[in-house]
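Engineer: Next up is a structure, given as structure tokens.
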Amino acid sequence: MKHRIVVLGAGYAGTFAAGNLARRLSPADTEITVVNAVPDFVERMRLHQLAIGQDLASRRLVDVFAGTGVRLRLARVTCVDPERRTVAATGEDGDGELAYDTLLYALGSSVAHHGVPGAAEYAFDVTGRSSALRLRERLAGLGEGGTVLVVGEGLTGIETATEFAESRPDLSVALAARGELGAWLSPKARRHLHRAFDRLGITVHEHTGIEAVEPTRAIAADGTSVPADVTVWSAGFAVHPIAAASGLEVAETGQIAVDRTMRSISHPDVYAAGDSAYAIGENGRPLPMSCASAGYTNMQATAAIVARLTGGKVPTTGLKYHGNHISLGRRDAIFQMVDGDVRSKSWYLGGRTAARLKSGVLKGAGWGIDHPTFGMPKRKRRLATAPDRGGVRAAA
């Protein structure tokens, strides 16, 4: 009787985790299935590039997992029942339930509109491939002098605004920030950021919270109208409500509450990784939703799953957030280190060197997706016990 491991989501966290599990666990004892709604891996860190017209390499998941033993089911998850240990899904590979003995929940996040009127109806976003392609089509139809407003001064907003302005200098690009642009950066890095915005001709509306979005403009909290043929919403992320609806214990954010090993604190057969996990870092604070956090949490989750299934000691991997790497178009970037309290250090790296470093990070992540089982131990470990499906939870 094989132990059934089901991984929900094939983003950065889910894809890497599935590959690691396949490399480390014997296929004689385990059966690993990945459930994902779309057939391609989505390189989310580069979707703003896709939106402005740049082409990204296509990575079909069937090719990514070829030869690994991982089964791929193309379907959208509609429900998780942690008491019955089943997942309901519907999609290309059929509708129905999928049973599991261990579940790794890595469904990620999507755009958060925060209930702002018109945001869901009229604003675009770059949190998914389909939404980025819709934005790409809209931007391609804008002529010279077209106005684009990016809402949100976080990493996604900054990278989106600078990429658009560099690639389409014929457009008028603006960014609306609730506070001061780059306030969380060190003084030198903040000056670098402002110089980049000035060089690219991006208009910055600081201390401007957007309270409504209309087809050709956005309305600020003070009633000011900001013209926008296209509004791009990048003012935060939200997780899917499936976890909360399933009965799993979640945080206020809707993320699954996990212990230090990424195990659900309410259901020991369930683990979470990536944006879906409410994981506390080494500084005692929740890890931010980011690709870096996806890496830390998926490594910890897979290490814990392997150890518990094979009777080993559960190791702990580092959960420390080191800094932010921000692209400012293709030829400029900022690498800002942070301390243990996530405060920016005085040192930063900027310019072409930082841009080359960021490019290397992106290429490295892409190569890792193409080789999901590379670098892991060649010896596949056998399970300590067979799964107990008579009502007692396995691998506790």
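Lettering and numbering for the structure tokens are positional, with chains as A, B, ... in the shown order, residues counted from 1 in each chain, and ligands counted from 1 in the shown order.
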Segment 87-98 of chain A: which residues within 7 Å, counting only C-alpha atoms, same-chain residues fewer than 4 positions away excluded, as a ChimeraX atom specification?
Structural biologist: /A:73-81
Engineer: Extract the full set of strand (DSSP E or B) residues from segment 271-304 of chain A according to DSSP on the backbone, and format it as a list in words.
Structural biologist: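 In segment 271-304 of chain A, DSSP puts these residues in strand (DSSP E or B): Tyr271, Ala272, Ala277, Tyr278, Ile280 and Pro286 of chain A.
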Engineer: Enumerate, as a PyMOL selection string, the complete set of residues in segment 71-199 of chain A that a backbone-based DSSP assignment places in helix (DSSP H, G or I).
Structural biologist: chain A and resi 119-122+129-140+155-167+187-199
Engineer: Would you mind telling me which residue in A:Val6, A:Ala189, A:Leu248, A:Met45 lies nearest to Ser344 of chain A when using only C-alpha atoms?
Structural biologist: A:Ala189
